[in-house]
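Pasting work-v1.cif here (mmCIF, C-alpha atoms):
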data_run
loop_
_atom_site.label_atom_id
_atom_site.label_comp_id
_atom_site.auth_asym_id
_atom_site.auth_seq_id
_atom_site.Cartn_x
_atom_site.Cartn_y
_atom_site.Cartn_z
CA MET A 19 11.20 -37.34 -22.51
CA ARG A 20 13.38 -39.16 -25.01
CA THR A 21 17.03 -38.77 -24.12
CA VAL A 22 20.26 -39.50 -25.95
CA PHE A 23 23.19 -39.81 -23.53
CA VAL A 24 26.47 -40.72 -25.11
CA GLY A 25 30.24 -40.41 -24.91
CA ILE A 26 31.82 -39.01 -28.05
CA SER A 27 35.33 -38.10 -29.13
CA VAL A 28 35.96 -34.42 -29.84
CA ASP A 29 35.91 -35.32 -33.54
CA GLY A 30 32.49 -36.90 -33.27
CA PHE A 31 32.89 -40.66 -32.95
CA ILE A 32 31.12 -42.97 -30.52
CA ALA A 33 33.33 -45.97 -31.30
CA ARG A 34 36.10 -47.10 -33.59
CA ARG A 35 35.19 -48.76 -36.90
CA ASP A 36 35.35 -52.18 -35.23
CA GLY A 37 33.16 -51.01 -32.34
CA GLY A 38 36.16 -50.53 -30.03
CA LEU A 39 35.75 -48.13 -27.12
CA ASP A 40 39.32 -48.10 -25.85
CA PHE A 41 39.52 -44.31 -26.23
CA LEU A 42 36.96 -43.80 -23.48
CA PRO A 43 38.48 -42.97 -20.09
CA ALA A 44 39.19 -45.94 -17.87
CA GLU A 45 39.05 -44.10 -14.56
CA PRO A 46 35.82 -44.30 -12.61
CA GLU A 47 34.02 -40.96 -12.67
CA ASP A 48 30.31 -40.35 -12.32
CA HIS A 49 28.98 -38.67 -15.45
CA GLY A 50 25.32 -39.25 -14.62
CA PHE A 51 24.74 -42.51 -16.45
CA ASP A 52 23.33 -44.43 -13.48
CA GLU A 53 21.09 -41.51 -12.61
CA LEU A 54 19.75 -41.33 -16.16
CA LEU A 55 19.20 -45.07 -16.40
CA ALA A 56 17.27 -45.05 -13.13
CA SER A 57 15.06 -42.23 -14.44
CA VAL A 58 13.89 -43.87 -17.66
CA ASP A 59 11.14 -46.40 -18.27
CA ALA A 60 13.00 -48.16 -21.06
CA LEU A 61 16.23 -48.20 -22.97
CA VAL A 62 15.95 -48.36 -26.77
CA MET A 63 18.91 -49.56 -28.81
CA GLY A 64 19.70 -51.07 -32.18
CA ARG A 65 20.95 -54.53 -32.97
CA ALA A 66 24.60 -53.47 -33.28
CA THR A 67 24.65 -51.86 -29.85
CA PHE A 68 22.90 -54.87 -28.35
CA GLU A 69 25.54 -57.16 -29.81
CA THR A 70 28.34 -54.85 -28.66
CA VAL A 71 26.98 -54.95 -25.12
CA LEU A 72 26.74 -58.74 -25.22
CA GLY A 73 30.30 -58.84 -26.54
CA PHE A 74 31.58 -57.16 -23.39
CA GLY A 75 30.85 -60.45 -21.61
CA GLY A 76 30.11 -60.41 -17.90
CA ASP A 77 26.73 -59.61 -16.41
CA TRP A 78 23.96 -57.92 -18.35
CA PRO A 79 24.64 -54.28 -17.45
CA TYR A 80 21.08 -52.92 -17.35
CA GLY A 81 19.68 -55.02 -14.48
CA ASP A 82 15.94 -55.43 -14.79
CA LYS A 83 15.48 -52.19 -16.74
CA ARG A 84 13.20 -52.73 -19.72
CA VAL A 85 15.35 -52.87 -22.86
CA VAL A 86 13.93 -52.67 -26.38
CA VAL A 87 16.18 -53.85 -29.20
CA LEU A 88 15.21 -52.57 -32.63
CA SER A 89 15.64 -55.05 -35.45
CA SER A 90 13.54 -56.48 -38.23
CA GLN A 91 15.66 -59.64 -38.19
CA PRO A 92 15.53 -62.53 -35.71
CA LEU A 93 17.49 -61.86 -32.52
CA ASP A 94 18.59 -64.18 -29.75
CA LEU A 95 17.32 -62.20 -26.77
CA SER A 96 18.14 -65.00 -24.35
CA ALA A 97 21.80 -64.05 -24.63
CA ALA A 98 20.97 -61.14 -22.32
CA ARG A 99 20.88 -63.33 -19.24
CA GLY A 100 18.88 -61.83 -16.43
CA GLY A 101 17.82 -58.91 -18.61
CA ARG A 102 14.30 -57.79 -19.44
CA VAL A 103 14.72 -57.52 -23.19
CA GLU A 104 12.19 -57.39 -25.99
CA GLN A 105 12.37 -56.78 -29.72
CA MET A 106 10.53 -54.23 -31.84
CA SER A 107 10.80 -52.89 -35.34
CA GLY A 108 9.29 -49.96 -37.15
CA GLU A 109 9.68 -46.24 -37.58
CA PRO A 110 10.82 -44.21 -34.56
CA ALA A 111 7.42 -42.54 -34.14
CA GLU A 112 5.71 -45.95 -34.11
CA ILE A 113 8.17 -47.29 -31.56
CA VAL A 114 7.62 -44.27 -29.32
CA ALA A 115 3.83 -44.60 -29.61
CA ARG A 116 3.86 -48.32 -28.85
CA LEU A 117 6.12 -47.79 -25.86
CA ALA A 118 3.94 -44.95 -24.57
CA ALA A 119 0.88 -47.19 -24.88
CA SER A 120 2.65 -49.71 -22.67
CA GLY A 121 3.52 -47.07 -20.09
CA ALA A 122 7.09 -46.28 -21.16
CA VAL A 123 7.31 -42.55 -21.78
CA ASN A 124 10.80 -41.73 -20.57
CA LEU A 125 13.20 -43.39 -22.97
CA TYR A 126 16.95 -43.64 -23.25
CA ILE A 127 17.80 -43.83 -26.96
CA ASP A 128 21.18 -45.48 -27.51
CA GLY A 129 23.46 -46.57 -30.33
CA GLY A 130 24.72 -44.77 -33.41
CA VAL A 131 22.24 -45.93 -36.04
CA THR A 132 19.28 -45.67 -33.68
CA VAL A 133 20.24 -42.20 -32.51
CA GLN A 134 20.56 -41.03 -36.11
CA ARG A 135 17.17 -42.51 -37.01
CA PHE A 136 15.44 -40.91 -34.01
CA LEU A 137 17.09 -37.54 -34.65
CA ARG A 138 16.03 -37.63 -38.32
CA ALA A 139 12.49 -38.45 -37.24
CA GLY A 140 12.32 -35.65 -34.65
CA GLN A 141 11.96 -38.19 -31.84
CA VAL A 142 14.65 -36.89 -29.49
CA ASP A 143 13.93 -34.32 -26.77
CA ARG A 144 17.26 -34.17 -25.00
CA LEU A 145 20.83 -34.69 -26.12
CA VAL A 146 23.52 -35.16 -23.48
CA LEU A 147 26.96 -35.30 -25.08
CA THR A 148 30.02 -36.17 -23.05
CA ARG A 149 33.06 -35.16 -25.06
CA VAL A 150 36.13 -37.30 -24.49
CA PRO A 151 39.33 -35.25 -24.98
CA VAL A 152 40.81 -37.12 -27.90
CA LEU A 153 40.73 -37.05 -31.70
CA ILE A 154 40.57 -40.57 -33.15
CA GLY A 155 40.33 -39.61 -36.83
CA ASP A 156 37.93 -42.32 -37.90
CA GLY A 157 35.16 -44.46 -36.43
CA LEU A 158 31.41 -44.70 -36.06
CA PRO A 159 29.98 -41.16 -36.16
CA LEU A 160 27.22 -40.16 -33.76
CA PHE A 161 25.60 -37.79 -36.23
CA GLY A 162 24.40 -38.35 -39.77
CA SER A 163 22.43 -36.60 -42.46
CA LEU A 164 19.24 -34.73 -41.57
CA PRO A 165 16.24 -33.58 -43.60
CA HIS A 166 16.74 -30.05 -42.20
CA ASP A 167 18.67 -28.18 -39.51
CA VAL A 168 17.89 -29.19 -35.95
CA ARG A 169 18.19 -26.27 -33.57
CA LEU A 170 19.35 -27.04 -30.06
CA ARG A 171 18.85 -25.12 -26.84
CA HIS A 172 21.83 -25.20 -24.50
CA VAL A 173 20.73 -26.29 -21.04
CA ALA A 174 23.96 -26.87 -19.12
CA THR A 175 27.62 -27.71 -19.50
CA ARG A 176 29.96 -29.17 -16.92
CA SER A 177 33.51 -30.43 -17.09
CA PHE A 178 35.13 -33.25 -15.14
CA PRO A 179 38.62 -33.71 -13.66
CA SER A 180 39.39 -36.27 -16.39
CA GLY A 181 38.85 -33.55 -19.02
CA LEU A 182 35.47 -34.78 -20.18
CA VAL A 183 33.02 -32.01 -21.02
CA GLN A 184 29.32 -32.79 -20.79
CA THR A 185 26.76 -30.60 -22.49
CA GLU A 186 23.00 -31.00 -22.30
CA TYR A 187 20.82 -29.67 -25.12
CA ALA A 188 17.04 -29.58 -25.51
CA LEU A 189 15.46 -30.25 -28.92
CA GLY A 190 12.12 -29.70 -30.50
CA LEU A 191 11.84 -26.00 -29.78
CA MET B 24 51.88 -21.28 -29.91
CA ARG B 25 49.87 -22.41 -32.93
CA THR B 26 46.17 -21.98 -32.29
CA VAL B 27 43.05 -23.19 -34.05
CA PHE B 28 40.02 -21.08 -33.11
CA VAL B 29 36.84 -21.99 -34.90
CA GLY B 30 33.06 -22.10 -34.70
CA ILE B 31 31.60 -25.53 -35.33
CA SER B 32 28.12 -27.02 -35.35
CA VAL B 33 27.44 -29.65 -32.69
CA ASP B 34 27.68 -32.25 -35.47
CA GLY B 35 31.13 -31.06 -36.46
CA PHE B 36 30.80 -28.74 -39.46
CA ILE B 37 32.53 -25.40 -39.97
CA ALA B 38 30.43 -24.47 -43.01
CA ARG B 39 27.79 -25.84 -45.33
CA ARG B 40 28.91 -27.66 -48.48
CA ASP B 41 28.76 -24.41 -50.44
CA GLY B 42 30.79 -22.57 -47.77
CA GLY B 43 27.66 -20.99 -46.26
CA LEU B 44 27.88 -19.84 -42.65
CA ASP B 45 24.23 -18.90 -42.09
CA PHE B 46 23.96 -21.31 -39.14
CA LEU B 47 26.37 -19.21 -37.10
CA PRO B 48 24.68 -16.88 -34.61
CA ALA B 49 23.93 -13.40 -35.91
CA GLU B 50 23.86 -11.64 -32.55
CA PRO B 51 27.00 -9.83 -31.49
CA GLU B 52 28.71 -11.66 -28.65
CA ASP B 53 32.40 -11.60 -27.77
CA HIS B 54 33.83 -15.11 -28.02
CA GLY B 55 37.46 -13.99 -27.88
CA PHE B 56 38.20 -13.73 -31.59
CA ASP B 57 39.53 -10.16 -31.51
CA GLU B 58 41.65 -10.97 -28.49
CA LEU B 59 43.14 -14.00 -30.21
CA LEU B 60 43.81 -12.14 -33.45
CA ALA B 61 45.56 -9.37 -31.53
CA SER B 62 47.77 -11.94 -29.80
CA VAL B 63 49.13 -13.71 -32.88
CA ASP B 64 51.98 -12.76 -35.19
CA ALA B 65 50.29 -14.16 -38.27
CA LEU B 66 47.16 -15.83 -39.51
CA VAL B 67 47.63 -18.90 -41.71
CA MET B 68 44.78 -20.03 -43.96
CA GLY B 69 44.20 -22.05 -47.08
CA ARG B 70 43.09 -20.83 -50.48
CA ALA B 71 39.44 -21.77 -49.93
CA THR B 72 39.17 -19.79 -46.71
CA PHE B 73 40.93 -16.83 -48.34
CA GLU B 74 38.42 -16.88 -51.17
CA THR B 75 35.51 -17.25 -48.75
CA VAL B 76 36.70 -14.20 -46.82
CA LEU B 77 37.04 -12.20 -50.05
CA GLY B 78 33.54 -13.35 -51.01
CA PHE B 79 32.07 -11.65 -47.95
CA GLY B 80 32.78 -8.34 -49.71
CA GLY B 81 33.36 -5.24 -47.62
CA ASP B 82 36.65 -4.36 -45.97
CA TRP B 83 39.46 -6.83 -45.48
CA PRO B 84 38.66 -8.09 -41.96
CA TYR B 85 42.16 -8.65 -40.60
CA GLY B 86 43.50 -5.07 -40.73
CA ASP B 87 47.27 -5.02 -41.06
CA LYS B 88 47.72 -8.41 -39.40
CA ARG B 89 50.14 -10.54 -41.37
CA VAL B 90 48.16 -13.16 -43.31
CA VAL B 91 49.73 -16.16 -45.01
CA VAL B 92 47.66 -17.93 -47.64
CA LEU B 93 48.76 -21.48 -48.39
CA SER B 94 48.51 -22.48 -52.02
CA SER B 95 50.77 -23.96 -54.65
CA GLN B 96 48.74 -22.27 -57.39
CA PRO B 97 48.82 -18.62 -58.43
CA LEU B 98 46.71 -16.36 -56.22
CA ASP B 99 45.54 -12.80 -56.69
CA LEU B 100 46.62 -11.36 -53.36
CA SER B 101 45.74 -7.82 -54.42
CA ALA B 102 42.07 -8.68 -53.93
CA ALA B 103 42.72 -8.33 -50.20
CA ARG B 104 42.72 -4.54 -50.34
CA GLY B 105 44.56 -2.97 -47.46
CA GLY B 106 45.64 -6.36 -46.16
CA ARG B 107 49.17 -7.56 -45.52
CA VAL B 108 48.92 -10.87 -47.36
CA GLU B 109 51.58 -13.20 -48.67
CA GLN B 110 51.56 -16.66 -50.19
CA MET B 111 53.42 -19.78 -49.13
CA SER B 112 53.29 -23.45 -49.93
CA GLY B 113 54.81 -26.55 -48.40
CA GLU B 114 54.34 -28.95 -45.55
CA PRO B 115 53.02 -27.58 -42.24
CA ALA B 116 56.36 -28.05 -40.45
CA GLU B 117 58.15 -26.10 -43.21
CA ILE B 118 55.60 -23.29 -43.05
CA VAL B 119 55.96 -23.08 -39.28
CA ALA B 120 59.76 -23.05 -39.54
CA ARG B 121 59.79 -20.35 -42.23
CA LEU B 122 57.40 -18.21 -40.27
CA ALA B 123 59.43 -18.64 -37.08
CA ALA B 124 62.56 -17.59 -38.98
CA SER B 125 60.76 -14.40 -39.97
CA GLY B 126 59.69 -13.72 -36.38
CA ALA B 127 56.17 -15.13 -36.49
CA VAL B 128 55.87 -17.69 -33.70
CA ASN B 129 52.31 -17.22 -32.52
CA LEU B 130 50.06 -18.38 -35.34
CA TYR B 131 46.33 -18.58 -35.88
CA ILE B 132 45.69 -21.60 -38.11
CA ASP B 133 42.37 -21.25 -39.94
CA GLY B 134 40.25 -23.07 -42.51
CA GLY B 135 39.12 -26.69 -42.75
CA VAL B 136 41.74 -28.15 -45.04
CA THR B 137 44.58 -26.24 -43.39
CA VAL B 138 43.47 -27.20 -39.88
CA GLN B 139 43.29 -30.86 -40.90
CA ARG B 140 46.77 -30.71 -42.46
CA PHE B 141 48.29 -29.03 -39.42
CA LEU B 142 46.60 -31.46 -37.02
CA ARG B 143 47.83 -34.44 -39.04
CA ALA B 144 51.35 -33.01 -38.99
CA GLY B 145 51.31 -32.37 -35.23
CA GLN B 146 51.60 -28.61 -35.80
CA VAL B 147 48.76 -27.42 -33.55
CA ASP B 148 49.28 -26.56 -29.87
CA ARG B 149 45.87 -25.25 -28.94
CA LEU B 150 42.36 -25.98 -30.15
CA VAL B 151 39.56 -23.60 -29.22
CA LEU B 152 36.20 -24.96 -30.39
CA THR B 153 33.08 -22.86 -30.15
CA ARG B 154 30.11 -25.17 -30.55
CA VAL B 155 27.07 -23.61 -32.18
CA PRO B 156 23.86 -25.22 -30.88
CA VAL B 157 22.57 -26.66 -34.12
CA LEU B 158 22.82 -29.88 -36.14
CA ILE B 159 23.15 -29.17 -39.85
CA GLY B 160 23.53 -32.75 -41.07
CA ASP B 161 26.06 -32.11 -43.80
CA GLY B 162 28.81 -29.63 -44.62
CA LEU B 163 32.55 -29.11 -44.46
CA PRO B 164 33.88 -31.06 -41.50
CA LEU B 165 36.51 -29.56 -39.21
CA PHE B 166 38.18 -32.87 -38.50
CA GLY B 167 39.56 -35.50 -40.84
CA SER B 168 41.61 -38.65 -40.77
CA LEU B 169 44.70 -38.83 -38.57
CA PRO B 170 47.77 -41.08 -38.57
CA HIS B 171 47.12 -41.88 -34.89
CA ASP B 172 45.01 -40.70 -31.94
CA VAL B 173 45.63 -37.14 -30.80
CA ARG B 174 45.14 -36.77 -27.06
CA LEU B 175 43.84 -33.43 -25.85
CA ARG B 176 44.13 -31.78 -22.47
CA HIS B 177 41.04 -29.88 -21.39
CA VAL B 178 42.01 -26.35 -20.35
CA ALA B 179 38.71 -24.54 -19.93
CA THR B 180 35.08 -24.48 -21.02
CA ARG B 181 32.67 -21.58 -20.94
CA SER B 182 29.15 -21.13 -22.26
CA PHE B 183 27.51 -17.98 -23.62
CA PRO B 184 23.96 -16.59 -23.37
CA SER B 185 23.41 -17.50 -27.03
CA GLY B 186 24.00 -21.17 -26.19
CA LEU B 187 27.46 -21.36 -27.67
CA VAL B 188 29.89 -23.53 -25.71
CA GLN B 189 33.58 -22.80 -26.07
CA THR B 190 36.17 -25.36 -25.03
CA GLU B 191 39.92 -24.89 -25.09
CA TYR B 192 42.19 -27.91 -25.41
CA ALA B 193 45.98 -28.18 -25.36
CA LEU B 194 47.73 -30.62 -27.71
CA GLY B 195 51.17 -32.16 -27.95
CA LEU B 196 51.32 -33.61 -24.48
#

Represent the structure from my file as structure tokens, please.
Amino acid sequence: MRTVFVGISVDGFIARRDGGLDFLPAEPEDHGFDELLASVDALVMGRATFETVLGFGGDWPYGDKRVVVLSSQPLDLSAARGGRVEQMSGEPAEIVARLAASGAVNLYIDGGVTVQRFLRAGQVDRLVLTRVPVLIGDGLPLFGSLPHDVRLRHVATRSFPSGLVQTEYALGL
Amino acid sequence: MRTVFVGISVDGFIARRDGGLDFLPAEPEDHGFDELLASVDALVMGRATFETVLGFGGDWPYGDKRVVVLSSQPLDLSAARGGRVEQMSGEPAEIVARLAASGAVNLYIDGGVTVQRFLRAGQVDRLVLTRVPVLIGDGLPLFGSLPHDVRLRHVATRSFPSGLVQTEYALGL
């Protein structure tokens, strides 16, 4: 199971142009992130997301969860203090196959560019979108071009007191 | 009350680049369109949407509901046989004021360009998005740039057997 789990403005952005996330709600509310993270074997993200996470400062947020950063350029993985971070590069299907061979089958696919690449390559099984009730007008879009339509199957939708609406879709039907 | 009520792919498109709507569900299912149309005093749309509706052929779909087509260019309104169609042009606030002066206070704002203009001008009170469970990758986006963030208040969300998810938001808070 390869899962995308992401917060997104109603107009489709996961961050502002500069990576800013100030439009996300500040109040603590459990949207299922911890539960998802606990359920996966590895988290897969791109270089930009990795650097954004490092830029938050503070402790490495993923504990000892296996984290795979996708980049074909050199990366300073030691910046993720206390984390279990490795680097890979290649096409999404290759990454998935290599991770499966090493025992990591349940993956959390994160970050705008990486999500778009995995969607284009048909390497996403589940899409969990948490819509934040705001229009920001511009930013980093979650979705990009596709070689063909991708049909989704609606699994469940729930709303939260803060106004967030979370919808789970299954892919690959 | 100025309402936007629109079907939109999960990746944010109201139509394909050529105006095609084939990704919308074919099965009959009541999503509240007739109820909304009955509740408004007038429907406001842009030239492109007007021409798309005419292109469907068949009967004029809005009965004797007052329809205002926004365009600063000449339009052949007679093509809307049996319809009650008039033309206006101007800024969204002017349109709203002129319509209010003629007794039309509850408006259905339709069409991509027109929705974007009215959102930018702060002339939308209610946004009802019906998300169609498909990613189409490219098309005519519902949302565009904004002068500043637009906060939304979540009113209600419901899902349908077809997998459509409809969320109502209030604006102008």

Best match for closeness to chain B among A:Lys83, A:Arg20, A:Arg99, A:Arg34, counting all atoms listed in the file | A:Arg34

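By only C-alpha atoms, and with residues fewer than 2 positions from Leu150 of chain B along its chain excluded, the set lying at most 6 Å from it is Thr26, Val27, Glu191 and Tyr192 of chain B.
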
Mind giving me the straight-line distance from atom CA of Arg102 of chain A to atom CA of Val86 of chain A in Å, one decimal?
-> 8.6 Å

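Closest approach to Pro170 of chain B among B:Thr72, B:Ser185, B:Ser112, B:Gln139: B:Gln139, based on only C-alpha atoms.
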
Could I get the residues of chain B with an atom no further than 12 Å from an atom of chain A, each paired with its nearest atom pair and that distance in Å to one decimal, using all atoms listed in the file, sorted by chain and residue number, as CSV?
residue,atom,partner,partner_atom,distance
B:Ile31,CA,A:Asp29,CA,10.8
B:Ser32,CA,A:Arg169,CA,10.1
B:Val33,CA,A:Gly30,CA,8.9
B:Asp34,CA,A:Phe161,CA,6.0
B:Gly35,CA,A:Gly30,CA,6.8
B:Phe36,CA,A:Asp29,CA,10.2
B:Arg39,CA,A:Asp167,CA,11.1
B:Asp45,CA,A:Asp167,CA,11.1
B:Phe46,CA,A:Asp167,CA,8.7
B:Leu47,CA,A:Arg169,CA,11.4
B:Pro48,CA,A:Arg169,CA,11.5
B:Gln139,CA,A:Gly155,CA,10.1
B:Leu142,CA,A:Leu153,CA,9.7
B:Arg143,CA,A:Gly155,CA,9.4
B:Leu150,CA,A:Val28,CA,10.6
B:Val151,CA,A:Val28,CA,11.4
B:Leu152,CA,A:Val28,CA,9.5
B:Thr153,CA,A:Val28,CA,11.9
B:Arg154,CA,A:His172,CA,10.3
B:Val155,CA,A:Leu170,CA,8.7
B:Pro156,CA,A:Leu170,CA,4.9
B:Val157,CA,A:Arg169,CA,4.4
B:Leu158,CA,A:Val168,CA,5.0
B:Ile159,CA,A:Asp167,CA,4.6
B:Gly160,CA,A:Ser163,CA,4.2
B:Asp161,CA,A:Ser163,CA,5.9
B:Gly162,CA,A:Ser163,CA,9.7
B:Pro164,CA,A:Asp29,CA,9.3
B:Leu165,CA,A:Asp29,CA,8.1
B:Phe166,CA,A:Asp29,CA,6.0
B:Gly167,CA,A:Gly155,CA,5.8
B:Ser168,CA,A:Gly155,CA,4.3
B:Leu169,CA,A:Gly155,CA,4.8
B:Pro170,CA,A:Gly155,CA,7.8
B:His171,CA,A:Ile154,CA,6.9
B:Asp172,CA,A:Ile154,CA,4.6
B:Val173,CA,A:Leu153,CA,5.0
B:Arg174,CA,A:Val152,CA,4.4
B:Leu175,CA,A:Pro151,CA,4.9
B:Arg176,CA,A:Pro151,CA,6.4
B:His177,CA,A:Gly181,CA,4.9
B:Val178,CA,A:Gly181,CA,8.0
B:Ala179,CA,A:Ser177,CA,8.4
B:Thr180,CA,A:Ser177,CA,7.3
B:Arg181,CA,A:Thr175,CA,8.1
B:Ser182,CA,A:Thr175,CA,7.3
B:Phe183,CA,A:His172,CA,9.2
B:Pro184,CA,A:His172,CA,8.9
B:Ser185,CA,A:His172,CA,8.3
B:Gly186,CA,A:His172,CA,4.9
B:Leu187,CA,A:His172,CA,7.5
B:Val188,CA,A:Thr175,CA,7.8
B:Gln189,CA,A:Thr175,CA,10.1
B:Thr190,CA,A:Val183,CA,8.4
B:Glu191,CA,A:Pro151,CA,10.4
B:Tyr192,CA,A:Pro151,CA,7.9
B:Ala193,CA,A:Pro151,CA,9.7
B:Leu194,CA,A:Val152,CA,9.5
B:Gly195,CA,A:Val152,CA,11.5
B:Leu196,CA,A:Val152,CA,11.6

Translate the PyMOL selection byres ((chain B and resi 127) around 10), as applied to the file shown, into an explicit residue set as a PDB file with C-alpha atoms, keeping the file's coordinate frame.
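What landed in part.pdb:
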ATOM      1  CA  MET B  24      51.880 -21.280 -29.910  1.00  0.00           C
ATOM      2  CA  VAL B  63      49.130 -13.710 -32.880  1.00  0.00           C
ATOM      3  CA  ASP B  64      51.980 -12.760 -35.190  1.00  0.00           C
ATOM      4  CA  ALA B  65      50.290 -14.160 -38.270  1.00  0.00           C
ATOM      5  CA  LEU B  66      47.160 -15.830 -39.510  1.00  0.00           C
ATOM      6  CA  ARG B  89      50.140 -10.540 -41.370  1.00  0.00           C
ATOM      7  CA  VAL B 119      55.960 -23.080 -39.280  1.00  0.00           C
ATOM      8  CA  ALA B 120      59.760 -23.050 -39.540  1.00  0.00           C
ATOM      9  CA  ARG B 121      59.790 -20.350 -42.230  1.00  0.00           C
ATOM     10  CA  LEU B 122      57.400 -18.210 -40.270  1.00  0.00           C
ATOM     11  CA  ALA B 123      59.430 -18.640 -37.080  1.00  0.00           C
ATOM     12  CA  ALA B 124      62.560 -17.590 -38.980  1.00  0.00           C
ATOM     13  CA  SER B 125      60.760 -14.400 -39.970  1.00  0.00           C
ATOM     14  CA  GLY B 126      59.690 -13.720 -36.380  1.00  0.00           C
ATOM     15  CA  VAL B 128      55.870 -17.690 -33.700  1.00  0.00           C
ATOM     16  CA  ASN B 129      52.310 -17.220 -32.520  1.00  0.00           C
ATOM     17  CA  LEU B 130      50.060 -18.380 -35.340  1.00  0.00           C
TER      18      LEU B 130
END

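Here the question is which of A:Gln141, A:Tyr80, A:Asp128, A:Gly25 gets nearest to Leu55 of chain A using only C-alpha atoms, and that residue is A:Tyr80.
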
Evaluate the PyMOL selection byres ((chain B and resi 70) around 7) against this structure - the residues, as a compact mmCIF listing (two decimals) with C-alpha atoms, keeping the file's coordinate frame, please.
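Final output, out33.txt:
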# COMPACT_ATOMS: atom_id res chain seq x y z
CA MET B 68 44.78 -20.03 -43.96
CA GLY B 69 44.20 -22.05 -47.08
CA ALA B 71 39.44 -21.77 -49.93
CA THR B 72 39.17 -19.79 -46.71
CA PHE B 73 40.93 -16.83 -48.34
CA GLU B 74 38.42 -16.88 -51.17
CA VAL B 92 47.66 -17.93 -47.64
CA LEU B 93 48.76 -21.48 -48.39
CA SER B 94 48.51 -22.48 -52.02

Box along x, y and z, 8 Å on every side, all listed atoms of segment 57-75 of chain A inside: centre and edge lengths in Å to one decimal, as lines of an AutoDock Vina configuration file.
center_x = 21.4
center_y = -51.3
center_z = -23.9
size_x = 36.4
size_y = 34.2
size_z = 34.8

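Distance check against Glu53 of chain A using only C-alpha atoms: of A:Thr132, A:Ser90, A:Tyr126, A:Gly76, the minimum falls on A:Tyr126.
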
Which of these residues is nearest to Phe51 of chain A, using only C-alpha atoms: A:Met106, A:Leu72, A:Val131, A:Val24?
-> A:Val24

What lies within 9 Å of Phe141 of chain B using only C-alpha atoms, ignoring chain neighbours under 6 positions off, as a ChimeraX atom specification?
-> /B:114-116,132,147

Could you save those same residues with C-alpha atoms as a tab-separated table (two decimals), in the coordinates of the input?
chain	number	residue	atom	x	y	z
B	114	GLU	CA	54.34	-28.95	-45.55
B	115	PRO	CA	53.02	-27.58	-42.24
B	116	ALA	CA	56.36	-28.05	-40.45
B	132	ILE	CA	45.69	-21.60	-38.11
B	147	VAL	CA	48.76	-27.42	-33.55

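Here atom CA of Glu45 of chain A and atom CA of Asp148 of chain B stand 25.4 Å from one another.
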